[in-house]
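Novice: My questions will all concern the structure given below.
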Number of protein chains: 2
Amino acid sequence: MGWRTASALRSAIISYSRGFSPLGTRIRTYNLGFLGFGNVNRTLVQLLGDREQELRERYGISFRISGVASRRLGWIADPKGLDLKGRGFSRAERNADFNAASAAEAHNVRSWLSAAHADVLFEATSLNAETGQPAIDHIRAALEHGAHAITANKGPVVHACRELRDLAAARGRRFLFESTVMDGVPIFSLFEQLPAIHLQGFHGILNSTTNVILGEMEQGLSLDEALKKAQALGVAETDAAHDIDGWDTAVKTAALINVLMDYPIRLDEIAREGIRELTTGAVRNGRRDGWPFKLVCRAKRVGDRVEASVAPEKVLSTSPMGKISGTSSYIYFETDIFPGLAITEENPGLYATAYGMLADLVRAVA
Amino acid sequence: MGWRTASALRSAIISYSRGFSPLGTRIRTYNLGFLGFGNVNRTLVQLLGDREQELRERYGISFRISGVASRRLGWIADPKGLDLKGRGFSRAERNADFNAASAAEAHNVRSWLSAAHADVLFEATSLNAETGQPAIDHIRAALEHGAHAITANKGPVVHACRELRDLAAARGRRFLFESTVMDGVPIFSLFEQLPAIHLQGFHGILNSTTNVILGEMEQGLSLDEALKKAQALGVAETDAAHDIDGWDTAVKTAALINVLMDYPIRLDEIAREGIRELTTGAVRNGRRDGWPFKLVCRAKRVGDRVEASVAPEKVLSTSPMGKISGTSSYIYFETDIFPGLAITEENPGLYATAYGMLADLVRAVA
């Protein structure tokens with residue numbers, strides 16, 4: 001903004017009052033629907049509130065929260081906008097009960113999207129790693145309704161990426177999922193900026209919970225004690241088996257392979273080993289000897305196939321992976337143009353995952 | 001491509017023969033002009049040849065090389081395409097002599113762009129760090145002619161970024177410069193994928209020549225011997241003062257500050273110190289003690305201003321910057337959403353810089 005002159009600023013303010021942003025963009029208002037209302041979507045609502053002015057002025061994006069749905073809240077919609085600050089969504093109608101994975105629900109999602117006049121769906125229901133449902137149905141419903149579909153749920157990316165992208169293209173809408181891997185760091189968007197490049201493989205550390213647990217085990221805690229500590233810190237979910245057994249990392253690995261290597265890998269094709277078998281002694285000794293354990297994902301093109309694995313590995317403590325501690329994450333891409341292109345995310349902030357969805361909103365409509 | 005069925009492939013082949021790519025994109029042919037014909041643009045021509053089929057089939061981009069101009073070759077243009085494989089551009093007309101930085105040249109650039117019917121200009125003349133000329137005039141001429149302007153030259157980004165972006169926007173064309181920092185790693189494009197984020201500062205290692213020289217000095221060579229070795233390896237230019245005195249890093253730092261922090265910093269505002277004063281003894285001792293010297297750039301928002309510096313620093317050998325050796329480079333961004341987002345480019349391939357320009361072509365027209 002430093003370059004703008006006073007007169008340009010003045011004319012910008014005038015055009016703003018006529019329905020244009022100061023940068024000359026026409027402002028459009030989007031109705032937003034939030035499906036699943038746990039941490040991610042609640043934080044997203046906060047972040048959207050925080051960035052409301054910037055979105056309007058810089059990107060011409062204005063918004064109303066016109067739909068919220070969750071198991072606890074039911075299906076709430078008002079095309080004129082809900083008052084989330086008021087108690088219990090005062091102006092909202094509850095037009096049905098939220099009932100996961102049923103024909104009734106599919107019907108409900110559609111009715112709810114219609115009632116909310118939703119232009120964008122933020123899908124943040126919990127992951128079913130084996131089937132990707134019911135999130136796939138939610139996203140399909142949104143795209144068929146004519147809304148952009150933005151998800152933090154890895155299931156649809158692993159199980160229905162191509163179908164949902166094709167559907168989105170056919171409807172002139174976007175299916176975006178930047179928050180599914182490395183919080184909101186724009187990994188998928190980065191590769192959209194790398195045309196005609198060939199990704200040969202990658203490796204990295206993508207799961208915070210196991211990384212925090214391994215760090216605590218290095219200090220002498222048992223797996224269970226370390227897990228409790230991670231839960232107390234708010235890093236691990238109540239049911240952390242998904243992380244500990246390597247499922248979370250495997251699902252992220254599959255999402256990356258599906259999208260970036262254009263290879264439709266199945267989850268059961270990824271050799272998967274979690275950290276459950278590691279003893280405190282082994283983890284301590286690894287760190288003491290300068291070779292700490294990390295839960296590492298690897299993918300590699302081999303002929304027409306892609307081979308992939310998730311497993312604990314001893315890595316050199318001074319190597320890039322050896323230095324990834326706590327909730328940080330790391331990925332190293334091997335491409336034909338850049339033999340080694342690595343991205344490190346250190347100690348993501350509270351807003352990182354929600355930010356990925358906000359950025360997807362801008363990508364979808366700007 | 002793995003997901004496509006045989007029948008989809010068949011219909012794709014049919015549509016391809018009708019002027020559509022197999023992915024259904026209509027194919028458009030672009031006339032490309034290359035201004036400056038040294039390493040970068042020559043490599044780009046090779047890379048374009050190598051990726052010709054992929055650009056056509058995946059992105060609907062077909063191209064002709066319709067203009068080449070350099071001091072040695074003069075101004076060569078043929079709107080139907082030059083035969084670069086034939087000797088001396090056999091089908092080409094030489095319509096003027098190349099004469100840098102003169103009124104005649106400005107006229108020549110325009111005549112040449114017209115004669116070539118250029119849709120895209122690849123500007124890769126040599127850098128004038130103090131003024132950015134004549135590259136700024138070349139790019140202005142291209143945009144006014146109605147061509148996209150893609151440059152590997154940092155001068156225009158430092159001295160005329162805003163003006164050229166505004167001109168491009170007014171003409172419905174793009175001014176892109178991804179190759180100017182970290183070869184073709186999409187740094188600028190990455191931040192276009194990070195809407196409503198606030199960059200507070202960055203630090204990193206952006207100059208290969210000094211990094212290679214410092215590595216050789218750690219082995220006991222003098223600065224001059226190390227420089228000769230770097231030149232023999234093809235890393236350093238004949239006139240390496242630009243690198244050794246920190247100009248190259250300072251210009252890249254200014255480009256990043258101008259574009260990513262939206263702050264119009266002047267080169268003389270960047271405190272700049274090169275590696276010329278470092279002795280072999282000091283460099284050897286630094287490495288021996290685990291604190292090697294690196295030429296580090298830093299930028300930081302301080303109130304309304306941005307403070308920046310380029311200087312040799314002792315960094316911990318096991319830190320991310322301590323591990324950047326040879327031609328690798330590194331940058332660490334501090335943002336309000338991601339407190340630490342770092343990108344490492346290890347041993348860029350021969351095609352990296354040229355690839356950045358090819359990717360800019362796709363960004364401009366796709």
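The chains in the structure tokens are called A, B, ... from first to last as shown; in each chain the residues are counted from 1, and the ligands are counted from 1 in the order shown.
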Residues of chain B near chain A: apply a cut-off of 8 Å, count only C-alpha atoms, and supply the list as a ChimeraX atom specification.
Specialist: /B:1-3,51,54-55,162,185-186,189-190,193-196,262-264,318-320,337-352,355,359,362-363
Novice: As a list in words, list the residues of region 187-218 of chain B assigned to strand (DSSP E) by DSSP on the backbone atoms of this structure.
Specialist: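 Selecting the strand (DSSP E) positions of region 187-218 of chain B gives Leu199, Gln200, Gly201, Phe202, His203, Gly204 and Ile205 of chain B.
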Novice: Smallest atom-to-atom distance to Ile275 (chain A): which of A:Ile324, A:Ala149, A:Leu32, A:Leu223, using only C-alpha atoms?
Specialist: A:Leu223
Novice: Could you check how far CA of Val68 (chain A) sits from CA of Gly132 (chain A), in Å to one decimal?
Specialist: 20.9 Å
Novice: Taking the DSSP assignment computed from this structure's backbone, write out as a PDB file with N, CA, C and O atoms, in the first residue's frame all residues of region 234-360 of chain B that belong to helix (DSSP H, G or I).
Specialist:
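What ended up in part-v5.pdb:
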ATOM      1  N   ALA B 241      32.697  -9.690  -9.069  1.00  0.00           N
ATOM      2  CA  ALA B 241      32.653  -8.657  -8.022  1.00  0.00           C
ATOM      3  C   ALA B 241      31.217  -8.450  -7.548  1.00  0.00           C
ATOM      4  O   ALA B 241      30.958  -8.248  -6.357  1.00  0.00           O
ATOM      5  N   HIS B 242      30.297  -8.507  -8.497  1.00  0.00           N
ATOM      6  CA  HIS B 242      28.874  -8.367  -8.217  1.00  0.00           C
ATOM      7  C   HIS B 242      28.404  -9.351  -7.123  1.00  0.00           C
ATOM      8  O   HIS B 242      27.613  -8.996  -6.250  1.00  0.00           O
ATOM      9  N   ASP B 243      28.918 -10.566  -7.189  1.00  0.00           N
ATOM     10  CA  ASP B 243      28.577 -11.570  -6.170  1.00  0.00           C
ATOM     11  C   ASP B 243      29.362 -11.344  -4.883  1.00  0.00           C
ATOM     12  O   ASP B 243      28.796 -11.312  -3.792  1.00  0.00           O
ATOM     13  N   ILE B 244      30.697 -11.203  -5.037  1.00  0.00           N
ATOM     14  CA  ILE B 244      31.593 -11.155  -3.882  1.00  0.00           C
ATOM     15  C   ILE B 244      31.287  -9.959  -2.991  1.00  0.00           C
ATOM     16  O   ILE B 244      31.347 -10.048  -1.761  1.00  0.00           O
ATOM     17  N   TRP B 247      26.361  -7.540  -3.928  1.00  0.00           N
ATOM     18  CA  TRP B 247      25.334  -6.880  -4.738  1.00  0.00           C
ATOM     19  C   TRP B 247      24.231  -7.836  -5.158  1.00  0.00           C
ATOM     20  O   TRP B 247      23.048  -7.509  -5.094  1.00  0.00           O
ATOM     21  N   ASP B 248      24.626  -9.010  -5.624  1.00  0.00           N
ATOM     22  CA  ASP B 248      23.613  -9.957  -6.114  1.00  0.00           C
ATOM     23  C   ASP B 248      22.607 -10.283  -5.009  1.00  0.00           C
ATOM     24  O   ASP B 248      21.393 -10.256  -5.227  1.00  0.00           O
ATOM     25  N   THR B 249      23.126 -10.581  -3.817  1.00  0.00           N
ATOM     26  CA  THR B 249      22.222 -10.893  -2.700  1.00  0.00           C
ATOM     27  C   THR B 249      21.361  -9.686  -2.339  1.00  0.00           C
ATOM     28  O   THR B 249      20.163  -9.819  -2.067  1.00  0.00           O
ATOM     29  N   ALA B 250      21.971  -8.490  -2.360  1.00  0.00           N
ATOM     30  CA  ALA B 250      21.217  -7.281  -2.006  1.00  0.00           C
ATOM     31  C   ALA B 250      20.088  -7.031  -3.004  1.00  0.00           C
ATOM     32  O   ALA B 250      18.965  -6.664  -2.620  1.00  0.00           O
ATOM     33  N   VAL B 251      20.380  -7.243  -4.280  1.00  0.00           N
ATOM     34  CA  VAL B 251      19.354  -7.011  -5.299  1.00  0.00           C
ATOM     35  C   VAL B 251      18.214  -8.014  -5.135  1.00  0.00           C
ATOM     36  O   VAL B 251      17.034  -7.667  -5.237  1.00  0.00           O
ATOM     37  N   LYS B 252      18.548  -9.276  -4.851  1.00  0.00           N
ATOM     38  CA  LYS B 252      17.495 -10.272  -4.613  1.00  0.00           C
ATOM     39  C   LYS B 252      16.675  -9.912  -3.370  1.00  0.00           C
ATOM     40  O   LYS B 252      15.451 -10.051  -3.347  1.00  0.00           O
ATOM     41  N   THR B 253      17.377  -9.474  -2.328  1.00  0.00           N
ATOM     42  CA  THR B 253      16.684  -9.068  -1.095  1.00  0.00           C
ATOM     43  C   THR B 253      15.720  -7.924  -1.383  1.00  0.00           C
ATOM     44  O   THR B 253      14.564  -7.934  -0.929  1.00  0.00           O
ATOM     45  N   ALA B 254      16.185  -6.952  -2.171  1.00  0.00           N
ATOM     46  CA  ALA B 254      15.317  -5.821  -2.522  1.00  0.00           C
ATOM     47  C   ALA B 254      14.108  -6.293  -3.324  1.00  0.00           C
ATOM     48  O   ALA B 254      12.977  -5.834  -3.095  1.00  0.00           O
ATOM     49  N   ALA B 255      14.328  -7.224  -4.240  1.00  0.00           N
ATOM     50  CA  ALA B 255      13.208  -7.735  -5.042  1.00  0.00           C
ATOM     51  C   ALA B 255      12.166  -8.395  -4.133  1.00  0.00           C
ATOM     52  O   ALA B 255      10.959  -8.166  -4.268  1.00  0.00           O
ATOM     53  N   LEU B 256      12.621  -9.207  -3.176  1.00  0.00           N
ATOM     54  CA  LEU B 256      11.684  -9.876  -2.257  1.00  0.00           C
ATOM     55  C   LEU B 256      10.925  -8.850  -1.407  1.00  0.00           C
ATOM     56  O   LEU B 256       9.722  -8.977  -1.189  1.00  0.00           O
ATOM     57  N   ILE B 257      11.640  -7.842  -0.906  1.00  0.00           N
ATOM     58  CA  ILE B 257      10.999  -6.828  -0.060  1.00  0.00           C
ATOM     59  C   ILE B 257       9.971  -6.037  -0.870  1.00  0.00           C
ATOM     60  O   ILE B 257       8.839  -5.819  -0.433  1.00  0.00           O
ATOM     61  N   ASN B 258      10.370  -5.626  -2.086  1.00  0.00           N
ATOM     62  CA  ASN B 258       9.447  -4.868  -2.938  1.00  0.00           C
ATOM     63  C   ASN B 258       8.158  -5.617  -3.190  1.00  0.00           C
ATOM     64  O   ASN B 258       7.075  -5.062  -3.089  1.00  0.00           O
ATOM     65  N   VAL B 259       8.294  -6.883  -3.542  1.00  0.00           N
ATOM     66  CA  VAL B 259       7.123  -7.623  -4.004  1.00  0.00           C
ATOM     67  C   VAL B 259       6.364  -8.243  -2.837  1.00  0.00           C
ATOM     68  O   VAL B 259       5.149  -8.118  -2.734  1.00  0.00           O
ATOM     69  N   LEU B 260       7.067  -8.918  -1.928  1.00  0.00           N
ATOM     70  CA  LEU B 260       6.369  -9.706  -0.912  1.00  0.00           C
ATOM     71  C   LEU B 260       5.991  -8.889   0.317  1.00  0.00           C
ATOM     72  O   LEU B 260       5.069  -9.239   1.041  1.00  0.00           O
ATOM     73  N   LEU B 267      18.067   0.250  -3.032  1.00  0.00           N
ATOM     74  CA  LEU B 267      19.250  -0.581  -2.795  1.00  0.00           C
ATOM     75  C   LEU B 267      20.157   0.034  -1.733  1.00  0.00           C
ATOM     76  O   LEU B 267      20.731  -0.685  -0.913  1.00  0.00           O
ATOM     77  N   ASP B 268      20.270   1.382  -1.737  1.00  0.00           N
ATOM     78  CA  ASP B 268      21.200   2.001  -0.784  1.00  0.00           C
ATOM     79  C   ASP B 268      20.659   1.994   0.646  1.00  0.00           C
ATOM     80  O   ASP B 268      21.342   2.394   1.574  1.00  0.00           O
ATOM     81  N   GLU B 269      19.428   1.551   0.829  1.00  0.00           N
ATOM     82  CA  GLU B 269      18.893   1.386   2.186  1.00  0.00           C
ATOM     83  C   GLU B 269      19.263   0.026   2.775  1.00  0.00           C
ATOM     84  O   GLU B 269      18.997  -0.233   3.951  1.00  0.00           O
ATOM     85  N   THR B 280      41.211 -16.354   4.624  1.00  0.00           N
ATOM     86  CA  THR B 280      41.123 -17.814   4.605  1.00  0.00           C
ATOM     87  C   THR B 280      41.189 -18.364   6.032  1.00  0.00           C
ATOM     88  O   THR B 280      40.450 -19.286   6.391  1.00  0.00           O
ATOM     89  N   GLY B 281      42.069 -17.760   6.851  1.00  0.00           N
ATOM     90  CA  GLY B 281      42.194 -18.224   8.237  1.00  0.00           C
ATOM     91  C   GLY B 281      40.883 -18.112   8.986  1.00  0.00           C
ATOM     92  O   GLY B 281      40.444 -19.060   9.659  1.00  0.00           O
ATOM     93  N   ALA B 282      40.224 -16.965   8.867  1.00  0.00           N
ATOM     94  CA  ALA B 282      38.969 -16.763   9.586  1.00  0.00           C
ATOM     95  C   ALA B 282      37.904 -17.756   9.111  1.00  0.00           C
ATOM     96  O   ALA B 282      37.169 -18.343   9.915  1.00  0.00           O
ATOM     97  N   VAL B 283      37.857 -17.967   7.783  1.00  0.00           N
ATOM     98  CA  VAL B 283      36.840 -18.873   7.229  1.00  0.00           C
ATOM     99  C   VAL B 283      37.116 -20.317   7.677  1.00  0.00           C
ATOM    100  O   VAL B 283      36.202 -21.053   8.063  1.00  0.00           O
ATOM    101  N   ARG B 284      38.405 -20.720   7.635  1.00  0.00           N
ATOM    102  CA  ARG B 284      38.779 -22.073   8.103  1.00  0.00           C
ATOM    103  C   ARG B 284      38.450 -22.265   9.571  1.00  0.00           C
ATOM    104  O   ARG B 284      37.908 -23.301   9.973  1.00  0.00           O
ATOM    105  N   ASN B 285      38.799 -21.274  10.379  1.00  0.00           N
ATOM    106  CA  ASN B 285      38.565 -21.400  11.822  1.00  0.00           C
ATOM    107  C   ASN B 285      37.069 -21.474  12.133  1.00  0.00           C
ATOM    108  O   ASN B 285      36.648 -22.215  13.021  1.00  0.00           O
ATOM    109  N   GLY B 286      36.293 -20.678  11.399  1.00  0.00           N
ATOM    110  CA  GLY B 286      34.846 -20.712  11.609  1.00  0.00           C
ATOM    111  C   GLY B 286      34.308 -22.122  11.423  1.00  0.00           C
ATOM    112  O   GLY B 286      33.593 -22.663  12.274  1.00  0.00           O
ATOM    113  N   ARG B 287      34.696 -22.743  10.303  1.00  0.00           N
ATOM    114  CA  ARG B 287      34.220 -24.117  10.034  1.00  0.00           C
ATOM    115  C   ARG B 287      34.742 -25.082  11.103  1.00  0.00           C
ATOM    116  O   ARG B 287      33.996 -25.908  11.623  1.00  0.00           O
ATOM    117  N   ARG B 288      36.030 -24.944  11.453  1.00  0.00           N
ATOM    118  CA  ARG B 288      36.638 -25.843  12.440  1.00  0.00           C
ATOM    119  C   ARG B 288      35.897 -25.778  13.773  1.00  0.00           C
ATOM    120  O   ARG B 288      35.656 -26.783  14.434  1.00  0.00           O
ATOM    121  N   MET B 321      20.836 -22.948   8.006  1.00  0.00           N
ATOM    122  CA  MET B 321      21.735 -22.164   7.145  1.00  0.00           C
ATOM    123  C   MET B 321      23.138 -22.756   7.128  1.00  0.00           C
ATOM    124  O   MET B 321      23.822 -22.714   6.103  1.00  0.00           O
ATOM    125  N   GLY B 322      23.565 -23.329   8.268  1.00  0.00           N
ATOM    126  CA  GLY B 322      24.890 -23.938   8.328  1.00  0.00           C
ATOM    127  C   GLY B 322      25.035 -25.115   7.387  1.00  0.00           C
ATOM    128  O   GLY B 322      26.142 -25.493   7.008  1.00  0.00           O
ATOM    129  N   LYS B 323      23.902 -25.708   7.019  1.00  0.00           N
ATOM    130  CA  LYS B 323      23.944 -26.906   6.182  1.00  0.00           C
ATOM    131  C   LYS B 323      23.777 -26.603   4.692  1.00  0.00           C
ATOM    132  O   LYS B 323      23.751 -27.518   3.870  1.00  0.00           O
ATOM    133  N   ALA B 352      17.108 -25.151 -13.891  1.00  0.00           N
ATOM    134  CA  ALA B 352      16.262 -24.510 -12.888  1.00  0.00           C
ATOM    135  C   ALA B 352      15.855 -23.085 -13.268  1.00  0.00           C
ATOM    136  O   ALA B 352      14.672 -22.748 -13.264  1.00  0.00           O
ATOM    137  N   THR B 353      16.827 -22.241 -13.612  1.00  0.00           N
ATOM    138  CA  THR B 353      16.499 -20.847 -13.925  1.00  0.00           C
ATOM    139  C   THR B 353      15.618 -20.752 -15.165  1.00  0.00           C
ATOM    140  O   THR B 353      14.615 -20.029 -15.179  1.00  0.00           O
ATOM    141  N   ALA B 354      15.989 -21.494 -16.204  1.00  0.00           N
ATOM    142  CA  ALA B 354      15.181 -21.483 -17.421  1.00  0.00           C
ATOM    143  C   ALA B 354      13.777 -22.008 -17.130  1.00  0.00           C
ATOM    144  O   ALA B 354      12.784 -21.505 -17.656  1.00  0.00           O
ATOM    145  N   TYR B 355      13.689 -22.999 -16.250  1.00  0.00           N
ATOM    146  CA  TYR B 355      12.380 -23.541 -15.901  1.00  0.00           C
ATOM    147  C   TYR B 355      11.476 -22.469 -15.294  1.00  0.00           C
ATOM    148  O   TYR B 355      10.275 -22.421 -15.566  1.00  0.00           O
ATOM    149  N   GLY B 356      12.060 -21.595 -14.466  1.00  0.00           N
ATOM    150  CA  GLY B 356      11.259 -20.524 -13.878  1.00  0.00           C
ATOM    151  C   GLY B 356      10.593 -19.673 -14.956  1.00  0.00           C
ATOM    152  O   GLY B 356       9.450 -19.245 -14.808  1.00  0.00           O
ATOM    153  N   MET B 357      11.292 -19.467 -16.072  1.00  0.00           N
ATOM    154  CA  MET B 357      10.720 -18.674 -17.166  1.00  0.00           C
ATOM    155  C   MET B 357       9.671 -19.475 -17.928  1.00  0.00           C
ATOM    156  O   MET B 357       8.647 -18.931 -18.335  1.00  0.00           O
ATOM    157  N   LEU B 358       9.916 -20.762 -18.106  1.00  0.00           N
ATOM    158  CA  LEU B 358       8.902 -21.605 -18.749  1.00  0.00           C
ATOM    159  C   LEU B 358       7.633 -21.625 -17.901  1.00  0.00           C
ATOM    160  O   LEU B 358       6.510 -21.495 -18.411  1.00  0.00           O
ATOM    161  N   ALA B 359       7.796 -21.765 -16.584  1.00  0.00           N
ATOM    162  CA  ALA B 359       6.627 -21.786 -15.700  1.00  0.00           C
ATOM    163  C   ALA B 359       5.895 -20.446 -15.767  1.00  0.00           C
ATOM    164  O   ALA B 359       4.657 -20.399 -15.757  1.00  0.00           O
ATOM    165  N   ASP B 360       6.647 -19.342 -15.858  1.00  0.00           N
ATOM    166  CA  ASP B 360       6.019 -18.024 -16.018  1.00  0.00           C
ATOM    167  C   ASP B 360       5.195 -17.961 -17.305  1.00  0.00           C
ATOM    168  O   ASP B 360       4.126 -17.345 -17.331  1.00  0.00           O
TER     169      ASP B 360
END
Novice: Within 9 Å of Arg110 (chain A), counting only C-alpha atoms, which residues qualify if same-chain residues fewer than 3 places away don't, as a compact mmCIF listing (two decimals) with C-alpha atoms, in the first residue's frame?
Specialist:
# COMPACT_ATOMS: atom_id res chain seq x y z
CA GLU A 105 -28.35 -37.21 5.92
CA ALA A 106 -27.59 -36.97 2.22
CA HIS A 107 -31.06 -35.51 1.84
CA LEU A 113 -27.23 -26.20 1.44
CA SER A 114 -30.39 -24.97 -0.31
CA ALA A 115 -31.81 -23.40 2.83
CA HIS A 138 -21.15 -33.92 1.51
CA ALA A 141 -23.82 -32.60 -2.66
CA ALA A 142 -22.16 -29.20 -2.41
CA GLU A 144 -24.07 -30.52 -7.37
CA HIS A 145 -25.78 -27.71 -5.47
Novice: Write out as a ChimeraX atom specification which residues come within 10 Å of Arg174 (chain B) when counting only C-alpha atoms, dropping same-chain ones fewer than 5 positions away.
Specialist: /B:120,143,146-150,164-169,360-361,363-365
Novice: Enter the distance from CA of Cys161 (chain B) to CA of Phe175 (chain B), in Å, rounded to one decimal.
Specialist: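 Distance reported for this atom pair: 8.7 Å.
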Novice: Rounded to one decimal, what separation in Å do you get between CA of Ala299 (chain A) and CA of Gly274 (chain A)?
Specialist: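 Atom-to-atom, CA of Ala299 (chain A) and CA of Gly274 (chain A) are spaced 16.5 Å apart.
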Novice: Pick out the residues sitting within 12 Å of Gln231 (chain A), and hand them over as a PyMOL selection string; count only C-alpha atoms, and ignore anything fewer than 3 positions along from it in its own chain.
Specialist: chain A and resi 208-210+212-213+224-228+234-240
Novice: Using only C-alpha atoms, which of the listed residues (A:Ala232, A:Met182, A:Ile270, A:Cys297) sits closest to His203 (chain A)?
Specialist: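 Nearest candidate to His203 (chain A) out of A:Ala232, A:Met182, A:Ile270, A:Cys297: A:Cys297.
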Novice: Find the residues around Phe34 (chain B) up to 7 Å (only C-alpha atoms counted), leave out those fewer than 6 positions away in its own chain, and share them as a PDB file with all heavy atoms, in the first residue's frame.
Specialist:
ATOM      1  N   ASN B  41      18.620 -17.757 -21.736  1.00  0.00           N
ATOM      2  CA  ASN B  41      17.663 -17.903 -22.835  1.00  0.00           C
ATOM      3  C   ASN B  41      17.995 -19.083 -23.747  1.00  0.00           C
ATOM      4  O   ASN B  41      17.093 -19.736 -24.277  1.00  0.00           O
ATOM      5  CB  ASN B  41      17.558 -16.592 -23.626  1.00  0.00           C
ATOM      6  CG  ASN B  41      16.369 -15.744 -23.168  1.00  0.00           C
ATOM      7  OD1 ASN B  41      15.472 -16.240 -22.482  1.00  0.00           O
ATOM      8  ND2 ASN B  41      16.358 -14.474 -23.547  1.00  0.00           N
ATOM      9  N   GLY B  67      11.449 -14.477 -32.568  1.00  0.00           N
ATOM     10  CA  GLY B  67      12.411 -13.388 -32.448  1.00  0.00           C
ATOM     11  C   GLY B  67      13.562 -13.750 -31.533  1.00  0.00           C
ATOM     12  O   GLY B  67      13.349 -14.367 -30.494  1.00  0.00           O
ATOM     13  N   VAL B  68      14.763 -13.409 -31.943  1.00  0.00           N
ATOM     14  CA  VAL B  68      15.944 -13.556 -31.092  1.00  0.00           C
ATOM     15  C   VAL B  68      16.777 -12.293 -31.287  1.00  0.00           C
ATOM     16  O   VAL B  68      16.949 -11.843 -32.421  1.00  0.00           O
ATOM     17  CB  VAL B  68      16.782 -14.797 -31.479  1.00  0.00           C
ATOM     18  CG1 VAL B  68      18.093 -14.822 -30.707  1.00  0.00           C
ATOM     19  CG2 VAL B  68      15.994 -16.079 -31.231  1.00  0.00           C
ATOM     20  N   ALA B  69      17.229 -11.713 -30.192  1.00  0.00           N
ATOM     21  CA  ALA B  69      18.060 -10.510 -30.322  1.00  0.00           C
ATOM     22  C   ALA B  69      19.158 -10.538 -29.279  1.00  0.00           C
ATOM     23  O   ALA B  69      18.921 -10.896 -28.124  1.00  0.00           O
ATOM     24  CB  ALA B  69      17.206  -9.252 -30.144  1.00  0.00           C
ATOM     25  N   LEU B 121       7.598 -11.898 -24.417  1.00  0.00           N
ATOM     26  CA  LEU B 121       9.018 -11.554 -24.434  1.00  0.00           C
ATOM     27  C   LEU B 121       9.718 -12.244 -23.271  1.00  0.00           C
ATOM     28  O   LEU B 121       9.259 -12.156 -22.125  1.00  0.00           O
ATOM     29  CB  LEU B 121       9.214 -10.034 -24.281  1.00  0.00           C
ATOM     30  CG  LEU B 121      10.676  -9.594 -24.042  1.00  0.00           C
ATOM     31  CD1 LEU B 121      11.515  -9.765 -25.303  1.00  0.00           C
ATOM     32  CD2 LEU B 121      10.750  -8.149 -23.533  1.00  0.00           C
ATOM     33  N   PHE B 122      10.817 -12.943 -23.574  1.00  0.00           N
ATOM     34  CA  PHE B 122      11.692 -13.456 -22.518  1.00  0.00           C
ATOM     35  C   PHE B 122      12.909 -12.541 -22.437  1.00  0.00           C
ATOM     36  O   PHE B 122      13.762 -12.553 -23.328  1.00  0.00           O
ATOM     37  CB  PHE B 122      12.126 -14.890 -22.811  1.00  0.00           C
ATOM     38  CG  PHE B 122      11.008 -15.894 -22.704  1.00  0.00           C
ATOM     39  CD1 PHE B 122      10.464 -16.459 -23.849  1.00  0.00           C
ATOM     40  CD2 PHE B 122      10.505 -16.258 -21.472  1.00  0.00           C
ATOM     41  CE1 PHE B 122       9.428 -17.384 -23.764  1.00  0.00           C
ATOM     42  CE2 PHE B 122       9.466 -17.185 -21.372  1.00  0.00           C
ATOM     43  CZ  PHE B 122       8.928 -17.746 -22.522  1.00  0.00           C
ATOM     44  N   GLU B 123      12.962 -11.742 -21.386  1.00  0.00           N
ATOM     45  CA  GLU B 123      14.017 -10.744 -21.236  1.00  0.00           C
ATOM     46  C   GLU B 123      15.119 -11.344 -20.380  1.00  0.00           C
ATOM     47  O   GLU B 123      14.894 -11.682 -19.215  1.00  0.00           O
ATOM     48  CB  GLU B 123      13.416  -9.507 -20.557  1.00  0.00           C
ATOM     49  CG  GLU B 123      14.008  -8.180 -20.976  1.00  0.00           C
ATOM     50  CD  GLU B 123      15.392  -7.921 -20.441  1.00  0.00           C
ATOM     51  OE1 GLU B 123      15.798  -8.585 -19.449  1.00  0.00           O
ATOM     52  OE2 GLU B 123      16.089  -7.061 -20.989  1.00  0.00           O
TER      53      GLU B 123
END
